[in-house]
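Source file: structure12.cif; contents: mmCIF, C-alpha atoms.
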data_run
loop_
_atom_site.label_atom_id
_atom_site.label_comp_id
_atom_site.auth_asym_id
_atom_site.auth_seq_id
_atom_site.Cartn_x
_atom_site.Cartn_y
_atom_site.Cartn_z
CA MET A 1 -6.00 -83.06 -66.49
CA ARG A 2 -8.48 -84.68 -64.11
CA LYS A 3 -6.10 -87.58 -63.45
CA LEU A 4 -3.30 -85.10 -62.74
CA LEU A 5 -5.37 -83.15 -60.22
CA ILE A 6 -6.50 -86.33 -58.46
CA LEU A 7 -2.90 -87.56 -58.26
CA MET A 8 -1.78 -84.20 -56.88
CA MET A 9 -4.47 -84.21 -54.21
CA ILE A 10 -3.64 -87.77 -53.19
CA SER A 11 0.11 -87.10 -53.12
CA SER A 12 -0.34 -83.99 -51.01
CA ASN A 13 -1.94 -86.12 -48.29
CA LEU A 14 0.64 -88.90 -48.24
CA LEU A 15 2.91 -88.94 -45.22
CA PHE A 16 6.50 -90.13 -45.29
CA ALA A 17 9.00 -90.35 -42.46
CA ASN A 18 12.03 -89.48 -44.58
CA VAL A 19 13.40 -88.64 -47.99
CA ASN A 20 13.63 -92.34 -48.91
CA GLY A 21 9.86 -92.66 -48.59
CA ILE A 22 9.34 -89.55 -50.69
CA VAL A 23 11.73 -90.79 -53.38
CA ASP A 24 10.15 -94.26 -53.43
CA LYS A 25 6.71 -92.72 -53.95
CA ILE A 26 7.97 -90.48 -56.78
CA ILE A 27 9.58 -93.48 -58.50
CA LEU A 28 6.33 -95.44 -58.10
CA HIS A 29 4.22 -92.65 -59.63
CA GLU A 30 6.67 -91.88 -62.43
CA GLY A 31 7.03 -95.51 -63.47
CA SER A 32 9.89 -97.40 -65.06
CA GLY A 33 8.95 -97.13 -68.71
CA VAL A 34 10.76 -94.87 -71.13
CA GLU A 35 8.38 -92.07 -72.07
CA GLY A 36 8.23 -89.13 -74.45
CA ASN A 37 10.15 -90.56 -77.42
CA GLY A 38 12.87 -91.84 -75.11
CA LEU A 39 13.26 -88.59 -73.24
CA SER A 40 12.26 -89.68 -69.71
CA LYS A 41 12.60 -92.71 -67.42
CA TYR A 42 11.59 -92.90 -63.74
CA GLY A 43 10.58 -89.27 -64.19
CA VAL A 44 14.15 -88.15 -64.95
CA THR A 45 14.14 -86.38 -68.31
CA LEU A 46 16.98 -86.04 -70.79
CA GLU A 47 16.81 -82.28 -70.24
CA THR A 48 17.30 -82.81 -66.49
CA MET A 49 20.17 -85.22 -67.11
CA LYS A 50 21.89 -82.57 -69.22
CA ALA A 51 21.25 -79.83 -66.65
CA TYR A 52 22.74 -81.93 -63.84
CA LYS A 53 25.47 -83.49 -65.99
CA LEU A 54 24.06 -86.93 -65.25
CA ASP A 55 26.03 -89.26 -67.54
CA VAL A 56 24.26 -92.48 -66.58
CA ASN A 57 26.11 -94.84 -68.92
CA GLY A 58 29.53 -93.20 -68.45
CA ASP A 59 30.30 -92.54 -72.13
CA SER A 60 30.94 -88.79 -71.56
CA VAL A 61 27.96 -87.90 -73.78
CA ILE A 62 24.52 -87.20 -72.32
CA ASN A 63 21.86 -88.40 -74.75
CA LYS A 64 18.94 -90.84 -75.15
CA LYS A 65 21.25 -93.74 -74.33
CA ASP A 66 21.52 -92.35 -70.81
CA VAL A 67 17.74 -92.33 -70.47
CA TYR A 68 17.59 -96.00 -71.51
CA SER A 69 20.46 -96.78 -69.08
CA MET A 70 18.67 -95.20 -66.11
CA THR A 71 18.03 -97.76 -63.38
CA LYS A 72 15.74 -97.48 -60.41
CA THR A 73 18.75 -97.24 -58.08
CA LYS A 74 20.38 -94.49 -60.17
CA ALA A 75 17.09 -92.58 -60.30
CA LYS A 76 16.72 -92.86 -56.51
CA ASN A 77 20.28 -91.64 -55.98
CA PHE A 78 19.67 -88.72 -58.34
CA TYR A 79 16.46 -87.74 -56.56
CA LYS A 80 18.23 -87.89 -53.17
CA ARG A 81 20.97 -85.64 -54.57
CA LEU A 82 18.35 -83.24 -55.98
CA TYR A 83 16.53 -83.21 -52.62
CA ALA A 84 19.74 -82.48 -50.70
CA GLU A 85 20.78 -79.71 -53.11
CA THR A 86 17.33 -78.13 -53.26
CA PHE A 87 16.56 -78.32 -49.53
CA PRO A 88 19.89 -78.44 -47.64
CA HIS A 89 18.38 -77.05 -44.44
CA GLU A 90 17.69 -78.89 -41.21
CA LYS A 91 14.04 -79.88 -41.06
CA SER A 92 12.05 -81.18 -38.14
CA SER A 93 10.43 -84.58 -38.60
CA THR A 94 7.05 -82.85 -38.64
CA VAL A 95 8.13 -80.59 -41.53
CA GLU A 96 9.56 -83.63 -43.34
CA THR A 97 6.29 -85.51 -42.90
CA ILE A 98 3.74 -82.80 -43.65
CA LEU A 99 5.36 -80.48 -46.19
CA MET A 100 8.24 -82.16 -47.93
CA PRO A 101 6.44 -84.85 -49.96
CA VAL A 102 4.43 -82.34 -51.97
CA VAL A 103 7.21 -79.70 -52.02
CA PHE A 104 9.81 -82.14 -53.28
CA ASP A 105 7.43 -83.68 -55.81
CA SER A 106 6.92 -80.14 -57.11
CA ALA A 107 10.69 -79.71 -57.37
CA VAL A 108 10.83 -82.90 -59.45
CA ASN A 109 7.95 -81.93 -61.75
CA LEU A 110 8.14 -78.14 -61.91
CA GLY A 111 11.73 -77.42 -60.91
CA SER A 112 13.46 -76.57 -57.67
CA PHE A 113 13.10 -72.81 -58.29
CA PHE A 114 9.31 -73.14 -58.39
CA ALA A 115 9.22 -75.39 -55.32
CA LYS A 116 11.43 -73.16 -53.16
CA ASN A 117 9.72 -69.93 -54.16
CA THR A 118 6.24 -71.38 -53.76
CA LEU A 119 7.12 -72.71 -50.30
CA VAL A 120 8.28 -69.23 -49.29
CA LYS A 121 5.10 -67.66 -50.75
CA ALA A 122 2.84 -70.19 -49.03
CA THR A 123 4.64 -69.62 -45.74
CA ASN A 124 4.51 -65.85 -46.04
CA GLY A 125 0.81 -66.06 -46.87
CA SER A 126 0.11 -67.77 -43.54
CA ILE A 127 2.25 -65.66 -41.22
CA ALA A 128 0.27 -63.86 -38.56
CA SER A 129 2.42 -62.96 -35.60
CA HIS A 130 4.89 -65.77 -35.23
CA LYS A 131 8.38 -65.37 -33.89
CA LEU A 132 11.74 -66.54 -35.15
CA LYS A 133 14.56 -66.52 -32.60
CA GLY A 134 12.38 -64.41 -30.29
CA LYS A 135 11.69 -61.69 -32.88
CA LYS A 136 8.38 -61.03 -34.62
CA VAL A 137 8.39 -62.34 -38.20
CA ASN A 138 6.71 -60.40 -40.99
CA TYR A 139 8.06 -62.56 -43.82
CA VAL A 140 10.52 -65.36 -44.48
CA THR A 141 13.10 -65.87 -47.19
CA GLU A 142 14.59 -68.97 -48.75
CA LYS A 143 17.42 -68.71 -46.23
CA ASN A 144 15.26 -68.84 -43.09
CA VAL A 145 12.06 -70.56 -44.19
CA PHE A 146 12.95 -73.94 -42.63
CA GLN A 147 14.13 -72.32 -39.43
CA TYR A 148 10.70 -70.71 -39.24
CA LEU A 149 8.75 -73.83 -40.30
CA ASN A 150 10.50 -76.00 -37.70
CA GLY A 151 8.84 -73.94 -34.96
CA LEU A 152 5.27 -74.32 -36.21
CA SER A 153 2.51 -76.62 -35.00
CA VAL A 154 1.06 -79.46 -37.07
CA SER A 155 -2.08 -77.43 -37.85
CA GLU A 156 0.01 -74.44 -39.00
CA LEU A 157 2.13 -76.70 -41.23
CA LYS A 158 -1.01 -78.25 -42.71
CA GLU A 159 -2.30 -74.75 -43.50
CA ILE A 160 0.93 -73.97 -45.35
CA ASN A 161 0.76 -77.34 -47.12
CA ASN A 162 -2.79 -76.58 -48.30
CA SER A 163 -1.71 -73.17 -49.55
CA PHE A 164 1.25 -74.75 -51.36
CA VAL A 165 -1.01 -77.37 -52.99
CA ASN A 166 -3.42 -74.66 -54.17
CA MET A 167 -0.53 -72.71 -55.73
CA ARG A 168 0.72 -75.89 -57.37
CA ILE A 169 -2.71 -76.67 -58.83
CA SER A 170 -2.91 -73.09 -60.18
CA LYS A 171 0.47 -73.61 -61.88
CA TYR A 172 -0.68 -76.88 -63.49
CA VAL A 173 -3.93 -75.29 -64.65
CA ALA A 174 -1.97 -72.41 -66.21
CA LEU A 175 0.39 -74.89 -67.90
CA SER A 176 -2.53 -76.92 -69.23
CA LYS A 177 -3.68 -73.88 -71.19
CA LYS A 178 -0.40 -73.65 -73.09
CA PRO A 179 -0.56 -75.26 -76.55
CA LYS A 180 2.39 -77.62 -76.00
CA PHE A 181 0.63 -79.17 -72.97
CA LYS A 182 -2.82 -79.63 -74.54
CA LYS A 183 -1.98 -83.28 -75.28
CA TYR A 184 -2.00 -84.03 -71.53
CA LYS A 185 -5.60 -82.88 -71.04
CA LYS A 186 -7.98 -85.83 -70.82
#

Write out the structure in this file as structure tokens.
Amino acid sequence: MRKLLILMMISSNLLFANVNGIVDKIILHEGSGVEGNGLSKYGVTLETMKAYKLDVNGDSVINKKDVYSMTKTKAKNFYKRLYAETFPHEKSSTVETILMPVVFDSAVNLGSFFAKNTLVKATNGSIASHKLKGKKVNYVTEKNVFQYLNGLSVSELKEINNSFVNMRISKYVALSKKPKFKKYKK
């Protein structure tokens, strides 16, 4: 658990200029070895392959053979697809640099639903009296969160990033208390 929290804190402070940098860092952290009884490689699990119909070896059946057939290039291409599908909105370079590494890593590890909803919650938790298209904003939704974020300063984005990281840590702590995840506590 301690290693996980340290990794999360380090990854939340890493800055990347684009999605390629984010994906490269995820691949580096996830590693190339097959893990979990052959159920994960480069961080892409068999369950994820099935959910996204990712037939890596082209035999029309998604199974452990696909995990073993996963290459670094195929994993990168999958992560780029996942990134584009999860966050299809225009993002300023500042948003890409400050928020997206930790948000996308959360999408990879905890699912895109968690990442998107947590980003909206973190953003809504920091709204004071900002404006979106000239109108006062009381809250954002998944549809307009990036439009709102693109107009914020670096310090405001860092505040949202910190809030997001705290929510992510809370999620991991809650997961660590579940019996099936006890084996990861060290």

In Å to one decimal, how far is atom CA of A:Val95 from atom CA of A:Val154?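 A separation of 8.4 Å between them.
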
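Distances to A:Ser155 were evaluated for A:Ser126, A:Ser106, A:Asn77, A:Ser40 using all atoms listed in the file, and the minimum falls at A:Ser126.
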
Could you state which residues are captured by the PyMOL selection byres ((chain A and resi 48) around 12) in this file, as a ChimeraX atom specification? /A:39-47,49-56,62-64,66-67,75,78-79,82,107-112

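The closest residue to A:Asn117, picked from A:Met167, A:Val34, A:Met100, A:Val23 and counting all atoms listed in the file, is A:Met167.
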
Translate the PyMOL selection byres ((chain A and resi 21) around 12), as applied to the file shown, into an explicit residue set as a PyMOL selection string. chain A and resi 14-20+22-28+76+79-80+96-97+100-101+104-105

So how many Å separate atom CA of A:Val102 and atom CA of A:Asn162, to one decimal?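 Computing it gives 9.9 Å between the two atoms.
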
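Reported to one decimal place, the separation of atom CA of A:Ala122 from atom CA of A:Phe164 is 5.4 Å.
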
Kindly indicate which residue among A:Phe114, A:Phe146, A:Val173, A:Leu99 lies nearest to A:Asn161, using all atoms listed in the file for the distances.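 When distances to A:Asn161 are compared using all atoms listed in the file, the smallest one comes from A:Leu99.
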
Going by the chain IDs and residue numbers used in this file, which residues fall under the PyMOL selection byres ((chain A and resi 148-153) around 10)? Write them as a PyMOL selection string. chain A and resi 90-96+99+123+130-133+137+139-141+143-147+154-160

So which one's closest to A:Ser163, A:Tyr68, A:Asp59, A:Val103, A:Pro179? Using all atoms listed in the file, please.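 Closest to A:Ser163, using all atoms listed in the file: A:Val103.
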
Take stretch 135-163 of chain A, model N, CA and C atoms, and hand the result over as a PDB file, keeping the file's coordinate frame.
ATOM      1  N   LYS A 135      12.093 -62.933 -32.202  1.00  0.00           N
ATOM      2  CA  LYS A 135      11.690 -61.690 -32.880  1.00  0.00           C
ATOM      3  C   LYS A 135      10.456 -61.946 -33.727  1.00  0.00           C
ATOM      4  N   LYS A 136       9.585 -60.919 -33.798  1.00  0.00           N
ATOM      5  CA  LYS A 136       8.380 -61.030 -34.620  1.00  0.00           C
ATOM      6  C   LYS A 136       8.790 -61.194 -36.089  1.00  0.00           C
ATOM      7  N   VAL A 137       8.088 -62.074 -36.802  1.00  0.00           N
ATOM      8  CA  VAL A 137       8.390 -62.340 -38.200  1.00  0.00           C
ATOM      9  C   VAL A 137       7.283 -61.754 -39.070  1.00  0.00           C
ATOM     10  N   ASN A 138       7.676 -60.926 -40.038  1.00  0.00           N
ATOM     11  CA  ASN A 138       6.710 -60.400 -40.990  1.00  0.00           C
ATOM     12  C   ASN A 138       6.758 -61.176 -42.303  1.00  0.00           C
ATOM     13  N   TYR A 139       7.901 -61.751 -42.614  1.00  0.00           N
ATOM     14  CA  TYR A 139       8.060 -62.560 -43.820  1.00  0.00           C
ATOM     15  C   TYR A 139       9.293 -63.443 -43.674  1.00  0.00           C
ATOM     16  N   VAL A 140       9.344 -64.492 -44.463  1.00  0.00           N
ATOM     17  CA  VAL A 140      10.520 -65.360 -44.480  1.00  0.00           C
ATOM     18  C   VAL A 140      11.145 -65.320 -45.863  1.00  0.00           C
ATOM     19  N   THR A 141      12.379 -65.767 -45.929  1.00  0.00           N
ATOM     20  CA  THR A 141      13.100 -65.870 -47.190  1.00  0.00           C
ATOM     21  C   THR A 141      13.514 -67.325 -47.378  1.00  0.00           C
ATOM     22  N   GLU A 142      14.097 -67.608 -48.512  1.00  0.00           N
ATOM     23  CA  GLU A 142      14.590 -68.970 -48.750  1.00  0.00           C
ATOM     24  C   GLU A 142      15.611 -69.377 -47.694  1.00  0.00           C
ATOM     25  N   LYS A 143      16.366 -68.416 -47.201  1.00  0.00           N
ATOM     26  CA  LYS A 143      17.420 -68.710 -46.230  1.00  0.00           C
ATOM     27  C   LYS A 143      16.878 -69.106 -44.855  1.00  0.00           C
ATOM     28  N   ASN A 144      15.749 -68.542 -44.444  1.00  0.00           N
ATOM     29  CA  ASN A 144      15.260 -68.840 -43.090  1.00  0.00           C
ATOM     30  C   ASN A 144      13.913 -69.545 -43.038  1.00  0.00           C
ATOM     31  N   VAL A 145      13.388 -69.962 -44.182  1.00  0.00           N
ATOM     32  CA  VAL A 145      12.060 -70.560 -44.190  1.00  0.00           C
ATOM     33  C   VAL A 145      12.001 -71.839 -43.335  1.00  0.00           C
ATOM     34  N   PHE A 146      13.008 -72.701 -43.412  1.00  0.00           N
ATOM     35  CA  PHE A 146      12.950 -73.940 -42.630  1.00  0.00           C
ATOM     36  C   PHE A 146      13.150 -73.680 -41.149  1.00  0.00           C
ATOM     37  N   GLN A 147      13.952 -72.703 -40.838  1.00  0.00           N
ATOM     38  CA  GLN A 147      14.130 -72.320 -39.430  1.00  0.00           C
ATOM     39  C   GLN A 147      12.776 -71.891 -38.861  1.00  0.00           C
ATOM     40  N   TYR A 148      12.029 -71.156 -39.641  1.00  0.00           N
ATOM     41  CA  TYR A 148      10.700 -70.710 -39.240  1.00  0.00           C
ATOM     42  C   TYR A 148       9.718 -71.895 -39.179  1.00  0.00           C
ATOM     43  N   LEU A 149       9.689 -72.707 -40.229  1.00  0.00           N
ATOM     44  CA  LEU A 149       8.750 -73.830 -40.300  1.00  0.00           C
ATOM     45  C   LEU A 149       8.950 -74.812 -39.154  1.00  0.00           C
ATOM     46  N   ASN A 150      10.201 -75.034 -38.765  1.00  0.00           N
ATOM     47  CA  ASN A 150      10.500 -76.000 -37.700  1.00  0.00           C
ATOM     48  C   ASN A 150       9.827 -75.640 -36.377  1.00  0.00           C
ATOM     49  N   GLY A 151       9.465 -74.370 -36.199  1.00  0.00           N
ATOM     50  CA  GLY A 151       8.840 -73.940 -34.960  1.00  0.00           C
ATOM     51  C   GLY A 151       7.318 -73.938 -34.984  1.00  0.00           C
ATOM     52  N   LEU A 152       6.727 -74.384 -36.079  1.00  0.00           N
ATOM     53  CA  LEU A 152       5.270 -74.320 -36.210  1.00  0.00           C
ATOM     54  C   LEU A 152       4.585 -75.606 -35.746  1.00  0.00           C
ATOM     55  N   SER A 153       3.319 -75.468 -35.418  1.00  0.00           N
ATOM     56  CA  SER A 153       2.510 -76.620 -35.000  1.00  0.00           C
ATOM     57  C   SER A 153       2.071 -77.419 -36.226  1.00  0.00           C
ATOM     58  N   VAL A 154       1.555 -78.607 -35.992  1.00  0.00           N
ATOM     59  CA  VAL A 154       1.060 -79.460 -37.070  1.00  0.00           C
ATOM     60  C   VAL A 154      -0.044 -78.738 -37.843  1.00  0.00           C
ATOM     61  N   SER A 155      -0.977 -78.106 -37.151  1.00  0.00           N
ATOM     62  CA  SER A 155      -2.080 -77.430 -37.850  1.00  0.00           C
ATOM     63  C   SER A 155      -1.562 -76.260 -38.698  1.00  0.00           C
ATOM     64  N   GLU A 156      -0.560 -75.549 -38.221  1.00  0.00           N
ATOM     65  CA  GLU A 156       0.010 -74.440 -39.000  1.00  0.00           C
ATOM     66  C   GLU A 156       0.734 -74.978 -40.242  1.00  0.00           C
ATOM     67  N   LEU A 157       1.438 -76.092 -40.083  1.00  0.00           N
ATOM     68  CA  LEU A 157       2.130 -76.700 -41.230  1.00  0.00           C
ATOM     69  C   LEU A 157       1.124 -77.216 -42.255  1.00  0.00           C
ATOM     70  N   LYS A 158       0.019 -77.771 -41.787  1.00  0.00           N
ATOM     71  CA  LYS A 158      -1.010 -78.250 -42.710  1.00  0.00           C
ATOM     72  C   LYS A 158      -1.624 -77.087 -43.484  1.00  0.00           C
ATOM     73  N   GLU A 159      -1.778 -75.946 -42.824  1.00  0.00           N
ATOM     74  CA  GLU A 159      -2.300 -74.750 -43.500  1.00  0.00           C
ATOM     75  C   GLU A 159      -1.345 -74.316 -44.615  1.00  0.00           C
ATOM     76  N   ILE A 160      -0.058 -74.335 -44.340  1.00  0.00           N
ATOM     77  CA  ILE A 160       0.930 -73.970 -45.350  1.00  0.00           C
ATOM     78  C   ILE A 160       0.933 -75.006 -46.472  1.00  0.00           C
ATOM     79  N   ASN A 161       0.825 -76.278 -46.117  1.00  0.00           N
ATOM     80  CA  ASN A 161       0.760 -77.340 -47.120  1.00  0.00           C
ATOM     81  C   ASN A 161      -0.436 -77.121 -48.049  1.00  0.00           C
ATOM     82  N   ASN A 162      -1.593 -76.817 -47.482  1.00  0.00           N
ATOM     83  CA  ASN A 162      -2.790 -76.580 -48.300  1.00  0.00           C
ATOM     84  C   ASN A 162      -2.596 -75.386 -49.229  1.00  0.00           C
ATOM     85  N   SER A 163      -1.982 -74.340 -48.734  1.00  0.00           N
ATOM     86  CA  SER A 163      -1.710 -73.170 -49.550  1.00  0.00           C
ATOM     87  C   SER A 163      -0.748 -73.529 -50.687  1.00  0.00           C
TER      88      SER A 163
END
